[in-house]
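Undergrad: Following this line is upload06.csv, made up of CSV, C-alpha atoms:
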chain,number,residue,atom,x,y,z
K,209,MET,CA,113.0,161.2,101.0
K,210,SER,CA,114.5,162.2,97.7
K,211,SER,CA,112.8,164.5,95.2
K,212,GLY,CA,112.4,163.6,91.6
K,213,LYS,CA,109.8,162.0,89.2
K,214,PRO,CA,106.7,160.7,90.9
K,215,VAL,CA,106.8,157.0,91.4
K,216,ASP,CA,103.6,154.9,91.8
K,217,ARG,CA,104.6,151.8,93.7
K,218,ALA,CA,101.1,150.4,94.2
K,219,SER,CA,100.2,147.6,91.8
K,220,ASN,CA,96.5,148.1,92.3
K,221,ASN,CA,96.7,151.9,92.2
K,222,GLN,CA,93.4,153.7,91.3
K,223,SER,CA,95.1,157.0,90.3
K,224,THR,CA,94.6,156.6,86.6
K,225,ALA,CA,90.9,155.6,87.0
K,226,LYS,CA,88.0,157.8,86.1
K,227,PRO,CA,86.4,159.5,88.0
K,228,GLY,CA,89.1,160.8,90.2
K,229,ILE,CA,91.3,163.8,91.0
K,230,GLU,CA,94.0,165.0,88.7
K,231,ALA,CA,96.3,167.9,89.8
K,232,ARG,CA,99.3,169.6,88.2
K,233,PHE,CA,100.6,172.8,89.7
K,234,GLN,CA,103.8,174.8,89.3
K,235,LEU,CA,104.4,177.8,91.7
K,236,LYS,CA,107.7,179.6,92.2
K,237,ARG,CA,108.7,181.7,95.2
K,238,LYS,CA,112.0,183.2,96.2
K,239,ASP,CA,112.9,180.3,98.5
K,240,PHE,CA,110.5,177.5,97.4
K,241,ALA,CA,109.3,175.9,94.2
K,242,LEU,CA,106.2,173.7,93.9
K,243,ASP,CA,106.2,171.3,90.9
K,244,ILE,CA,103.4,168.8,91.5
K,245,ASP,CA,101.7,166.2,89.2
K,246,PHE,CA,99.5,163.5,90.7
K,247,ALA,CA,96.3,161.7,90.5
K,248,ALA,CA,94.1,160.3,93.3
K,249,PRO,CA,90.8,158.3,93.6
K,250,GLY,CA,87.6,160.2,93.5
K,251,LYS,CA,86.4,158.8,96.8
K,252,GLY,CA,88.0,158.0,100.2
K,253,VAL,CA,90.8,159.7,102.1
K,254,THR,CA,94.0,160.6,100.3
K,255,ALA,CA,96.7,161.7,102.7
K,256,LEU,CA,99.3,164.3,101.7
K,257,PHE,CA,102.3,163.4,103.8
K,258,GLY,CA,105.7,164.9,104.1
K,259,PRO,CA,108.0,166.9,106.4
K,260,SER,CA,107.4,170.6,107.2
K,261,GLY,CA,108.2,172.7,104.2
K,262,SER,CA,107.5,170.0,101.7
K,263,GLY,CA,104.6,171.9,100.1
K,264,LYS,CA,101.5,170.2,101.6
K,265,THR,CA,99.7,173.4,102.6
K,266,THR,CA,100.7,175.3,99.5
K,267,LEU,CA,99.3,172.4,97.4
K,268,LEU,CA,96.0,172.5,99.3
K,269,ARG,CA,95.8,176.3,98.8
K,270,CYS,CA,96.3,175.9,95.1
K,271,ILE,CA,93.5,173.4,94.9
K,272,ALA,CA,91.3,175.7,96.9
K,273,GLY,CA,92.1,178.7,94.7
K,274,LEU,CA,93.8,180.6,97.5
K,275,GLU,CA,97.1,180.5,95.7
K,276,LYS,CA,97.7,181.5,92.1
K,277,PRO,CA,100.1,178.9,90.5
K,278,THR,CA,102.4,179.9,87.7
K,279,ARG,CA,100.9,177.0,85.7
K,280,GLY,CA,98.1,174.6,86.9
K,281,HIS,CA,95.4,172.1,86.1
K,282,PHE,CA,92.9,170.6,88.5
K,283,THR,CA,89.9,168.4,87.8
K,284,ILE,CA,87.8,166.4,90.2
K,285,ASN,CA,85.4,163.7,89.0
K,286,GLY,CA,85.3,165.1,85.5
K,287,GLN,CA,84.9,168.8,86.5
K,288,CYS,CA,87.7,171.2,85.8
K,289,TRP,CA,88.3,173.9,88.4
K,290,HIS,CA,91.5,175.3,87.0
K,291,ASP,CA,93.5,175.2,83.8
K,292,GLU,CA,95.3,177.6,81.4
K,293,HIS,CA,91.9,178.9,80.1
K,294,LYS,CA,89.9,179.5,83.3
K,295,SER,CA,90.0,179.4,87.1
K,296,ILE,CA,86.8,179.1,89.1
K,297,PRO,CA,86.8,181.6,91.9
K,298,VAL,CA,87.2,180.3,95.4
K,299,HIS,CA,83.7,181.0,96.5
K,300,ARG,CA,82.3,179.0,93.6
K,301,ARG,CA,84.3,175.9,94.1
K,302,PRO,CA,82.1,173.2,95.7
K,303,MET,CA,84.6,172.4,98.5
K,304,ALA,CA,85.1,172.8,102.2
K,305,TYR,CA,88.3,173.6,104.0
K,306,VAL,CA,89.1,172.6,107.6
K,307,PHE,CA,92.1,174.3,109.1
K,308,GLN,CA,94.3,173.6,112.1
K,309,GLU,CA,92.3,175.9,114.3
K,310,ALA,CA,88.6,175.4,114.5
K,311,SER,CA,87.7,179.2,114.3
K,312,LEU,CA,84.1,178.8,115.5
K,313,PHE,CA,81.9,181.8,115.9
K,314,PRO,CA,82.2,182.6,119.6
K,315,HIS,CA,78.8,184.3,119.8
K,316,LEU,CA,77.0,181.2,118.4
K,317,ASN,CA,76.3,177.9,120.0
K,318,VAL,CA,77.3,174.6,118.4
K,319,ARG,CA,73.9,174.2,116.6
K,320,GLU,CA,74.2,177.7,115.2
K,321,ASN,CA,77.8,177.2,114.1
K,322,MET,CA,77.0,174.0,112.3
K,323,ALA,CA,73.9,175.5,110.6
K,324,TYR,CA,75.8,178.7,109.4
K,325,GLY,CA,76.4,177.5,105.9
K,326,TRP,CA,73.7,174.8,105.8
K,327,ARG,CA,70.9,177.3,106.2
K,328,ARG,CA,72.2,179.4,103.3
K,329,MET,CA,71.9,176.5,100.9
K,330,ALA,CA,68.8,175.7,98.9
K,331,LYS,CA,67.1,172.6,100.2
K,332,ARG,CA,67.6,170.8,96.9
K,333,GLN,CA,71.4,171.4,97.2
K,334,ARG,CA,71.7,169.8,100.6
K,335,LYS,CA,73.2,166.4,100.1
K,336,LEU,CA,73.9,165.8,103.8
K,337,GLN,CA,71.3,166.2,106.6
K,338,PHE,CA,71.9,168.0,109.8
K,339,ASP,CA,70.9,165.2,112.1
K,340,ASP,CA,73.1,162.7,110.2
K,341,VAL,CA,76.2,164.8,110.5
K,342,THR,CA,75.4,165.5,114.1
K,343,ALA,CA,75.2,161.7,114.8
K,344,TRP,CA,78.3,160.8,112.8
K,345,LEU,CA,80.5,163.2,114.9
K,346,GLY,CA,78.8,162.6,118.2
K,347,LEU,CA,77.6,166.2,118.7
K,348,ASP,CA,74.0,165.6,119.9
K,349,ALA,CA,74.8,166.4,123.6
K,350,LEU,CA,76.8,169.5,122.6
K,351,LEU,CA,74.4,171.4,120.4
K,352,ASP,CA,73.4,174.0,123.0
K,353,ARG,CA,77.0,174.7,124.2
K,354,ARG,CA,78.9,177.8,123.3
K,355,ALA,CA,82.3,177.5,121.7
K,356,GLU,CA,84.2,178.5,124.8
K,357,GLN,CA,82.6,175.5,126.7
K,358,LEU,CA,84.2,173.0,124.3
K,359,SER,CA,87.4,171.0,124.4
K,360,GLY,CA,89.9,171.2,121.5
K,361,GLY,CA,88.7,167.9,120.1
K,362,GLN,CA,85.0,169.0,120.4
K,363,ARG,CA,85.7,172.3,118.7
K,364,GLN,CA,87.4,170.5,115.8
K,365,ARG,CA,84.5,168.1,115.4
K,366,VAL,CA,82.1,171.0,115.2
K,367,ALA,CA,84.3,172.7,112.6
K,368,ILE,CA,84.3,169.5,110.5
K,369,ALA,CA,80.5,169.2,110.9
K,370,ARG,CA,80.1,172.8,109.7
K,371,ALA,CA,82.2,172.1,106.7
K,372,LEU,CA,80.3,169.0,105.7
K,373,LEU,CA,77.0,170.7,106.0
K,374,THR,CA,77.9,172.9,103.0
K,375,SER,CA,77.6,169.6,101.0
K,376,PRO,CA,81.0,169.9,99.4
K,377,GLN,CA,82.2,167.8,96.5
K,378,LEU,CA,85.7,167.9,98.0
K,379,LEU,CA,86.8,168.1,101.6
K,380,LEU,CA,90.3,169.7,102.3
K,381,MET,CA,91.8,169.2,105.7
K,382,ASP,CA,95.0,170.9,106.6
K,383,GLU,CA,96.5,169.2,109.7
K,384,PRO,CA,93.2,169.4,111.6
K,385,LEU,CA,94.6,167.6,114.6
K,386,ALA,CA,97.9,169.5,114.8
K,387,SER,CA,96.7,171.9,117.6
K,388,LEU,CA,95.4,169.1,119.8
K,389,ASP,CA,97.2,167.3,122.6
K,390,ALA,CA,97.3,163.5,122.9
K,391,SER,CA,93.9,163.3,124.6
K,392,GLY,CA,92.3,165.5,122.1
K,393,LYS,CA,93.6,163.4,119.2
K,394,ALA,CA,92.5,160.2,120.9
K,395,GLU,CA,89.0,161.7,121.3
K,396,ILE,CA,88.5,162.8,117.7
K,397,LEU,CA,90.2,160.0,115.7
K,398,PRO,CA,87.5,157.3,116.3
K,399,TYR,CA,84.9,159.8,115.0
K,400,LEU,CA,87.0,160.5,111.9
K,401,GLU,CA,87.5,156.7,111.3
K,402,SER,CA,83.7,156.2,111.3
K,403,LEU,CA,83.0,159.4,109.3
K,404,TRP,CA,84.9,158.4,106.2
K,405,GLN,CA,82.8,155.3,105.9
K,406,GLU,CA,79.7,157.5,105.6
K,407,LEU,CA,81.0,160.0,103.0
K,408,ASP,CA,80.8,159.6,99.3
K,409,ILE,CA,83.2,162.4,98.5
K,410,PRO,CA,87.1,162.6,98.3
K,411,VAL,CA,89.0,163.9,101.2
K,412,LEU,CA,92.5,165.4,100.9
K,413,TYR,CA,94.1,165.2,104.3
K,414,VAL,CA,97.4,167.0,105.1
K,415,SER,CA,99.5,165.5,107.9
K,416,HIS,CA,103.0,165.0,109.0
K,417,ALA,CA,102.0,162.5,111.7
K,418,PRO,CA,102.5,158.8,110.6
K,419,GLU,CA,99.9,157.5,113.0
K,420,GLU,CA,97.1,159.7,111.6
K,421,VAL,CA,97.9,158.6,108.1
K,422,GLN,CA,98.0,154.9,109.0
K,423,GLN,CA,94.7,155.3,110.8
K,424,LEU,CA,92.7,157.4,108.4
K,425,ALA,CA,94.0,157.2,104.8
K,426,ASP,CA,93.2,154.9,102.0
K,427,HIS,CA,95.6,156.4,99.5
K,428,LEU,CA,98.9,158.1,100.1
K,429,ILE,CA,100.9,160.8,98.3
K,430,LEU,CA,104.4,161.5,99.7
K,431,LEU,CA,105.8,165.0,99.2
K,432,ASP,CA,109.3,166.4,99.7
K,433,GLN,CA,110.8,169.7,98.6
K,434,GLY,CA,107.7,170.6,96.5
K,435,ARG,CA,107.6,167.4,94.6
K,436,VAL,CA,105.7,164.1,94.6
K,437,VAL,CA,108.1,161.3,95.7
K,438,ALA,CA,105.6,158.5,95.5
K,439,ALA,CA,101.8,157.9,95.3
K,440,GLY,CA,99.7,154.8,95.6
K,441,GLU,CA,97.6,152.5,97.9
K,442,LEU,CA,98.3,153.1,101.6
K,443,ASN,CA,99.9,149.8,102.6
K,444,ALA,CA,102.0,149.5,99.5
K,445,LEU,CA,103.8,152.7,100.3
K,446,LEU,CA,103.9,152.2,104.1
K,447,THR,CA,105.8,149.0,103.7
K,448,ASP,CA,108.1,150.0,100.8
K,449,PRO,CA,111.7,150.0,102.2
K,450,LEU,CA,112.8,152.4,99.5
K,451,LEU,CA,110.7,155.1,101.1
K,452,ALA,CA,111.6,157.0,104.2
K,453,ILE,CA,108.1,156.5,105.9
K,454,SER,CA,108.9,152.8,106.3
K,455,HIS,CA,111.9,153.6,108.4
K,456,PHE,CA,110.2,155.9,110.9
K,457,GLU,CA,110.0,154.8,114.5
K,458,GLU,CA,106.3,154.5,114.0
K,459,ALA,CA,106.5,152.4,110.8
K,460,ALA,CA,103.6,150.1,110.4
K,461,ALA,CA,101.5,148.1,108.0
K,462,VAL,CA,97.8,148.5,107.6
K,463,LEU,CA,96.1,145.2,106.6
K,464,GLU,CA,92.5,144.5,105.4
K,465,ALA,CA,90.7,141.9,107.5
K,466,ARG,CA,87.3,140.7,108.5
K,467,VAL,CA,85.7,139.6,111.7
K,468,VAL,CA,85.2,135.9,111.9
K,469,SER,CA,84.4,135.0,115.5
K,470,HIS,CA,84.1,136.2,119.1
K,471,ASP,CA,85.4,134.5,122.2
K,472,THR,CA,83.1,135.6,125.1
K,473,GLU,CA,85.0,133.6,127.7
K,474,PHE,CA,88.3,135.4,127.1
K,475,HIS,CA,86.8,138.6,125.7
K,476,LEU,CA,88.5,138.4,122.3
K,477,THR,CA,87.6,138.9,118.7
K,478,SER,CA,89.2,137.0,115.8
K,479,LEU,CA,89.9,138.6,112.4
K,480,ALA,CA,91.1,136.8,109.3
K,481,PHE,CA,93.2,138.0,106.3
K,482,ASP,CA,94.8,136.0,103.5
K,483,GLY,CA,94.6,132.7,105.4
K,484,ALA,CA,95.9,134.0,108.7
K,485,GLN,CA,94.0,134.9,111.9
K,486,VAL,CA,94.7,137.4,114.7
K,487,SER,CA,93.0,138.1,118.0
K,488,VAL,CA,92.2,141.5,119.4
K,489,SER,CA,90.2,142.7,122.4
K,490,TYR,CA,86.5,142.0,122.0
K,491,ASN,CA,84.9,144.9,120.0
K,492,GLY,CA,81.3,143.9,119.3
K,493,LEU,CA,81.6,144.2,115.6
K,494,PRO,CA,79.3,141.9,113.6
K,495,LEU,CA,80.7,138.8,111.9
K,496,GLY,CA,81.9,139.5,108.4
K,497,HIS,CA,82.6,143.2,109.2
K,498,LYS,CA,85.5,144.5,107.2
K,499,ALA,CA,88.2,146.2,109.3
K,500,ARG,CA,91.8,147.4,109.1
K,501,LEU,CA,94.6,146.2,111.3
K,502,ARG,CA,97.6,148.3,112.2
K,503,ILE,CA,100.7,146.3,112.9
K,504,CYS,CA,103.9,148.2,113.9
K,505,ALA,CA,107.2,147.0,112.6
K,506,ARG,CA,108.7,147.0,116.1
K,507,ASP,CA,106.0,144.6,117.3
K,508,VAL,CA,106.8,141.9,114.8
K,509,SER,CA,109.4,139.3,115.5
K,510,LEU,CA,110.4,136.4,113.2
K,511,ALA,CA,110.8,132.7,113.9
K,512,LEU,CA,111.9,129.7,111.8
K,513,VAL,CA,109.3,127.3,113.4
K,514,GLN,CA,105.8,127.7,114.7
K,515,PRO,CA,106.2,129.2,118.2
K,516,GLN,CA,104.7,127.1,121.0
K,517,LYS,CA,103.9,127.8,124.7
K,518,ILE,CA,104.5,131.5,124.5
K,519,SER,CA,102.3,134.4,125.5
K,520,ILE,CA,102.2,135.9,122.0
K,521,SER,CA,99.1,134.3,120.5
K,522,ASN,CA,99.2,136.1,117.1
K,523,SER,CA,101.5,134.1,114.8
K,524,PHE,CA,101.3,133.2,111.2
K,525,SER,CA,103.4,132.1,108.2
K,526,VAL,CA,104.9,134.8,105.9
K,527,ARG,CA,107.4,134.9,103.0
K,528,VAL,CA,110.4,137.3,103.2
K,529,VAL,CA,110.4,139.6,100.1
K,530,SER,CA,113.1,142.1,101.1
K,531,ILE,CA,115.7,142.8,103.8
K,532,ASP,CA,117.1,146.3,104.1
K,533,PRO,CA,119.3,148.3,106.5
K,534,ASP,CA,117.3,150.5,108.9
K,535,ARG,CA,118.2,153.9,110.3
K,536,ASP,CA,119.8,152.3,113.3
K,537,PRO,CA,122.9,150.4,112.0
K,538,SER,CA,122.1,147.5,114.4
K,539,GLN,CA,118.6,147.0,112.9
K,540,MET,CA,117.2,145.6,109.7
K,541,LEU,CA,113.9,146.1,108.1
K,542,VAL,CA,112.4,142.9,106.8
K,543,ARG,CA,109.4,143.1,104.5
K,544,CYS,CA,107.2,140.0,104.5
K,545,GLU,CA,104.2,139.0,102.3
K,546,ILE,CA,101.1,137.1,103.3
K,547,GLY,CA,98.7,136.7,100.4
K,548,GLY,CA,98.7,140.0,98.6
K,549,GLN,CA,99.5,142.1,101.6
K,550,HIS,CA,102.7,143.1,103.3
K,551,LEU,CA,103.9,143.8,106.7
K,552,LEU,CA,107.3,145.0,108.2
K,553,SER,CA,109.4,143.4,110.9
K,554,ARG,CA,112.2,145.5,112.6
K,555,ILE,CA,114.7,143.1,114.0
K,556,THR,CA,118.4,143.2,114.8
K,557,ARG,CA,121.1,142.6,112.2
K,558,ARG,CA,122.4,139.8,114.4
K,559,SER,CA,119.0,138.0,114.4
K,560,VAL,CA,119.0,138.1,110.6
K,561,HIS,CA,122.4,136.5,110.6
K,562,LEU,CA,121.8,133.9,113.2
K,563,LEU,CA,118.4,132.8,111.7
K,564,ASN,CA,119.8,132.9,108.2
K,565,ILE,CA,116.8,135.0,107.1
K,566,GLU,CA,116.9,135.4,103.3
K,567,VAL,CA,114.6,136.7,100.6
K,568,GLY,CA,112.1,134.0,99.5
K,569,LYS,CA,112.3,132.2,102.8
K,570,ASN,CA,109.1,131.2,104.7
K,571,VAL,CA,109.2,132.2,108.4
K,572,TYR,CA,106.6,132.8,111.2
K,573,ALA,CA,105.7,136.3,112.1
K,574,GLN,CA,104.9,136.8,115.8
K,575,VAL,CA,102.9,139.9,116.4
K,576,LYS,CA,103.0,141.3,119.9
K,577,THR,CA,100.3,144.0,119.4
K,578,VAL,CA,97.6,144.5,116.8
K,579,ALA,CA,95.5,147.7,116.7
K,580,LEU,CA,92.0,147.3,115.2
K,581,MET,CA,90.9,150.3,113.1
K,582,LYS,CA,87.2,150.1,112.3
Could you write out this structure as structure tokens?
TA:
Amino acid sequence: MSSGKPVDRASNNQSTAKPGIEARFQLKRKDFALDIDFAAPGKGVTALFGPSGSGKTTLLRCIAGLEKPTRGHFTINGQCWHDEHKSIPVHRRPMAYVFQEASLFPHLNVRENMAYGWRRMAKRQRKLQFDDVTAWLGLDALLDRRAEQLSGGQRQRVAIARALLTSPQLLLMDEPLASLDASGKAEILPYLESLWQELDIPVLYVSHAPEEVQQLADHLILLDQGRVVAAGELNALLTDPLLAISHFEEAAAVLEARVVSHDTEFHLTSLAFDGAQVSVSYNGLPLGHKARLRICARDVSLALVQPQKISISNSFSVRVVSIDPDRDPSQMLVRCEIGGQHLLSRITRRSVHLLNIEVGKNVYAQVKTVALMK
């Protein structure tokens, strides 16, 4: 990624809408300078993504009031927390902060950890109920366990529940899955997916893991060397060949779709988007349910004619909108459009040549694997 003036590449970006989040911070250290200016929606998950040292945690600490910027301005849904005239103290900012380590109270059980802040709030200030948060994060069976009896993923779920029960107006999450192994991440991610659908507050989620961003975020802010490289709607940035994230090995598109049918004989569910349909393993979601589909660039091949008699069942017509060199000189990254959404195909340079693939050409995308994200 290159530093420079922030670029908003999403045509339907909500960043200038009110209510929302507006942040401008400047902070100088001996070996690092933060110069940030961005806007984000006032609801949903905004991922702050970038390499180590890009300023993600420093930015979050400025928002929380834990860092004192040289210059700064922060408003959330019309409320100013920091500007040149005032700075609300950390303890008075209606926010919750979830760190990499859960840091539960070892002498308390899960129920007592969760209720720590909740019980100190007046009932009229409690916007979330204990039983609701417990159910959202699947903690009912764990309430009487001590912290040392929990797995890493369980501990982090408790930490998130404890944060939510303070009824914050903003949830800050600083790489909350970084300390978990693969099984721990697999355990907690489905809960986080479902949780965001229940919350009516904005979440700023710091990560350097593309898979987490693809699975959890609605809006994306890319950082590098203390600056905003780009900001906008998730899929618009994930599939932008001018941005480094689209060239990662894990590069993928995230498409909006809805459930249209179930095939009980073959245990499949069909989802439709922009005139196309794909099938995934049966999931029991109701008809009409809106879902997101993650399609990795490496799992998309291209054909000039509708494929027949092949094992790949997910195939649909797309239009080529750009062709760019990939990191591997033998590969090309082809961005395709279907309706108003985009997906990526990583194919060989030779295939582009032999099939005479050009911008504006209609081809068929064959998708080997589709991941359903509820």
Undergrad: Extract, using all atoms listed in the file, all DNA, RNA and protein residues at most 9 Å from segment 511-527 of chain K, discarding same-chain residues fewer than 5 positions from it, and format them as a PDB file with C-alpha atoms, keeping the file's coordinate frame.
TA:
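Written out: selection.pdb:
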ATOM      1  CA  GLY K 483      94.600 132.700 105.400  1.00  0.00           C
ATOM      2  CA  ALA K 484      95.900 134.000 108.700  1.00  0.00           C
ATOM      3  CA  GLN K 485      94.000 134.900 111.900  1.00  0.00           C
ATOM      4  CA  VAL K 486      94.700 137.400 114.700  1.00  0.00           C
ATOM      5  CA  SER K 487      93.000 138.100 118.000  1.00  0.00           C
ATOM      6  CA  ARG K 543     109.400 143.100 104.500  1.00  0.00           C
ATOM      7  CA  CYS K 544     107.200 140.000 104.500  1.00  0.00           C
ATOM      8  CA  GLU K 545     104.200 139.000 102.300  1.00  0.00           C
ATOM      9  CA  ILE K 546     101.100 137.100 103.300  1.00  0.00           C
ATOM     10  CA  GLY K 547      98.700 136.700 100.400  1.00  0.00           C
ATOM     11  CA  HIS K 550     102.700 143.100 103.300  1.00  0.00           C
ATOM     12  CA  LEU K 563     118.400 132.800 111.700  1.00  0.00           C
ATOM     13  CA  ILE K 565     116.800 135.000 107.100  1.00  0.00           C
ATOM     14  CA  VAL K 567     114.600 136.700 100.600  1.00  0.00           C
ATOM     15  CA  GLY K 568     112.100 134.000  99.500  1.00  0.00           C
ATOM     16  CA  LYS K 569     112.300 132.200 102.800  1.00  0.00           C
ATOM     17  CA  ASN K 570     109.100 131.200 104.700  1.00  0.00           C
ATOM     18  CA  VAL K 571     109.200 132.200 108.400  1.00  0.00           C
ATOM     19  CA  TYR K 572     106.600 132.800 111.200  1.00  0.00           C
ATOM     20  CA  ALA K 573     105.700 136.300 112.100  1.00  0.00           C
ATOM     21  CA  GLN K 574     104.900 136.800 115.800  1.00  0.00           C
ATOM     22  CA  VAL K 575     102.900 139.900 116.400  1.00  0.00           C
ATOM     23  CA  LYS K 576     103.000 141.300 119.900  1.00  0.00           C
ATOM     24  CA  THR K 577     100.300 144.000 119.400  1.00  0.00           C
ATOM     25  CA  VAL K 578      97.600 144.500 116.800  1.00  0.00           C
TER      26      VAL K 578
END
Undergrad: For each of K:Ala304, K:Ala461, K:Arg557, K:Tyr490, take the minimum atom-to-atom distance to Phe474 of chain K, counting only C-alpha atoms, then give the residue where this is smallest.
TA: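 Using only C-alpha atoms, the shortest distance to Phe474 of chain K belongs to K:Tyr490.
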Undergrad: Could you state the separation of atom CA of Gln333 of chain K and atom CA of Asn285 of chain K in Å, given to one decimal place?
TA: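 Calculated distance between atom CA of Gln333 of chain K and atom CA of Asn285 of chain K is 18.0 Å.
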Undergrad: Let me make sure I understand: among K:Lys276, K:Thr265, K:Leu510, K:Asp536, which one has the smallest atom-to-atom distance to Ser559 of chain K if we use only C-alpha atoms?
TA: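 Comparing K:Lys276, K:Thr265, K:Leu510, K:Asp536 against Ser559 of chain K, the winner is K:Leu510.
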Undergrad: If you measure from atom CA of Glu395 of chain K to atom CA of Leu424 of chain K, what distance in Å do you get, rounded to one decimal?
TA: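 According to the coordinates, atom CA of Glu395 of chain K and atom CA of Leu424 of chain K are separated by 14.1 Å.
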Undergrad: Excluding same-chain residues fewer than 6 positions from Val542 of chain K, what lies within 8 Å of it counting all atoms listed in the file, as a PyMOL selection string?
TA: chain K and resi 528-532+552-555
Undergrad: Could you please take those selected residues and save C-alpha atoms as a PDB file, keeping the file's coordinate frame?
TA:
ATOM      1  CA  VAL K 528     110.400 137.300 103.200  1.00  0.00           C
ATOM      2  CA  VAL K 529     110.400 139.600 100.100  1.00  0.00           C
ATOM      3  CA  SER K 530     113.100 142.100 101.100  1.00  0.00           C
ATOM      4  CA  ILE K 531     115.700 142.800 103.800  1.00  0.00           C
ATOM      5  CA  ASP K 532     117.100 146.300 104.100  1.00  0.00           C
ATOM      6  CA  LEU K 552     107.300 145.000 108.200  1.00  0.00           C
ATOM      7  CA  SER K 553     109.400 143.400 110.900  1.00  0.00           C
ATOM      8  CA  ARG K 554     112.200 145.500 112.600  1.00  0.00           C
ATOM      9  CA  ILE K 555     114.700 143.100 114.000  1.00  0.00           C
TER      10      ILE K 555
END
Undergrad: With all atoms listed in the file as the atoms that count, which of K:His416, K:Ser387, K:Leu379, K:Leu446 lies nearest to Leu428 of chain K?
TA: K:Leu446
Undergrad: I'd like to know which of K:Arg301, K:His497, K:Arg334, K:His455 is closest to Pro418 of chain K, using only C-alpha atoms.
TA: K:His455
Undergrad: Residues around (81.9, 165.7, 121.1), cut-off 10 Å, counting only C-alpha atoms - what are they as a tab-separated table (two decimals) with C-alpha atoms, in the frame of the given file?
TA:
chain	number	residue	atom	x	y	z
K	342	THR	CA	75.40	165.50	114.10
K	345	LEU	CA	80.50	163.20	114.90
K	346	GLY	CA	78.80	162.60	118.20
K	347	LEU	CA	77.60	166.20	118.70
K	348	ASP	CA	74.00	165.60	119.90
K	349	ALA	CA	74.80	166.40	123.60
K	350	LEU	CA	76.80	169.50	122.60
K	351	LEU	CA	74.40	171.40	120.40
K	358	LEU	CA	84.20	173.00	124.30
K	359	SER	CA	87.40	171.00	124.40
K	360	GLY	CA	89.90	171.20	121.50
K	361	GLY	CA	88.70	167.90	120.10
K	362	GLN	CA	85.00	169.00	120.40
K	363	ARG	CA	85.70	172.30	118.70
K	364	GLN	CA	87.40	170.50	115.80
K	365	ARG	CA	84.50	168.10	115.40
K	366	VAL	CA	82.10	171.00	115.20
K	395	GLU	CA	89.00	161.70	121.30
K	396	ILE	CA	88.50	162.80	117.70
K	399	TYR	CA	84.90	159.80	115.00
Undergrad: Using atom CA of Leu235 of chain K and atom CA of His281 of chain K as the two end points, give the distance in Å to one decimal.
TA: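 Atom CA of His281 of chain K lies 12.0 Å from atom CA of Leu235 of chain K.
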Undergrad: In terms of the shortest atom-to-atom distance over all atoms listed in the file, which of K:Gln357, K:Ser260, K:Ser402, K:Thr374 is closest to Asn317 of chain K?
TA: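 The shortest atom-to-atom distance to Asn317 of chain K comes from K:Gln357.
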Undergrad: Which is closest to Met322 of chain K among K:Leu388, K:Ala452, K:Ala369, K:Ile229, if we use only C-alpha atoms?
TA: K:Ala369
Undergrad: When you look at Asn491 of chain K with a cut-off of 10 Å (counting only C-alpha atoms), what residues show up, excluding the ones that are within fewer than 4 positions of it in the same chain? I need them as a ChimeraX atom specification.
TA: /K:467,470,475-478,580,582
Undergrad: Might you pull out every residue within 9 Å of Trp326 of chain K, with all atoms listed in the file counted and same-chain residues fewer than 5 positions away left off, and present them as a list in words?
TA: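 Near neighbours after the sequence-gap exclusion: Lys331, Arg334, Gln337, Phe338, Arg370, Ala371, Leu372, Leu373, Thr374 and Ser375 of chain K.
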Undergrad: Do you know which residues are at most 12 Å from segment 249-251 of chain K counting all atoms listed in the file, after dropping those on the same chain fewer than 5 positions away, and could you put them as a compact mmCIF listing (two decimals) with C-alpha atoms, keeping the file's coordinate frame?
TA:
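Output (selection-v5.txt):
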# COMPACT_ATOMS: atom_id res chain seq x y z
CA ASN K 220 96.50 148.10 92.30
CA ASN K 221 96.70 151.90 92.20
CA GLN K 222 93.40 153.70 91.30
CA SER K 223 95.10 157.00 90.30
CA THR K 224 94.60 156.60 86.60
CA ALA K 225 90.90 155.60 87.00
CA LYS K 226 88.00 157.80 86.10
CA PRO K 227 86.40 159.50 88.00
CA GLY K 228 89.10 160.80 90.20
CA ILE K 229 91.30 163.80 91.00
CA GLU K 230 94.00 165.00 88.70
CA ALA K 231 96.30 167.90 89.80
CA THR K 283 89.90 168.40 87.80
CA ILE K 284 87.80 166.40 90.20
CA ASN K 285 85.40 163.70 89.00
CA GLY K 286 85.30 165.10 85.50
CA GLN K 287 84.90 168.80 86.50
CA GLN K 377 82.20 167.80 96.50
CA LEU K 378 85.70 167.90 98.00
CA LEU K 379 86.80 168.10 101.60
CA TRP K 404 84.90 158.40 106.20
CA GLN K 405 82.80 155.30 105.90
CA GLU K 406 79.70 157.50 105.60
CA LEU K 407 81.00 160.00 103.00
CA ASP K 408 80.80 159.60 99.30
CA ILE K 409 83.20 162.40 98.50
CA PRO K 410 87.10 162.60 98.30
CA VAL K 411 89.00 163.90 101.20
CA LEU K 412 92.50 165.40 100.90
CA ALA K 425 94.00 157.20 104.80
CA ASP K 426 93.20 154.90 102.00
CA HIS K 427 95.60 156.40 99.50
CA LEU K 428 98.90 158.10 100.10
CA ILE K 429 100.90 160.80 98.30
CA ALA K 439 101.80 157.90 95.30
CA GLY K 440 99.70 154.80 95.60
CA GLU K 441 97.60 152.50 97.90
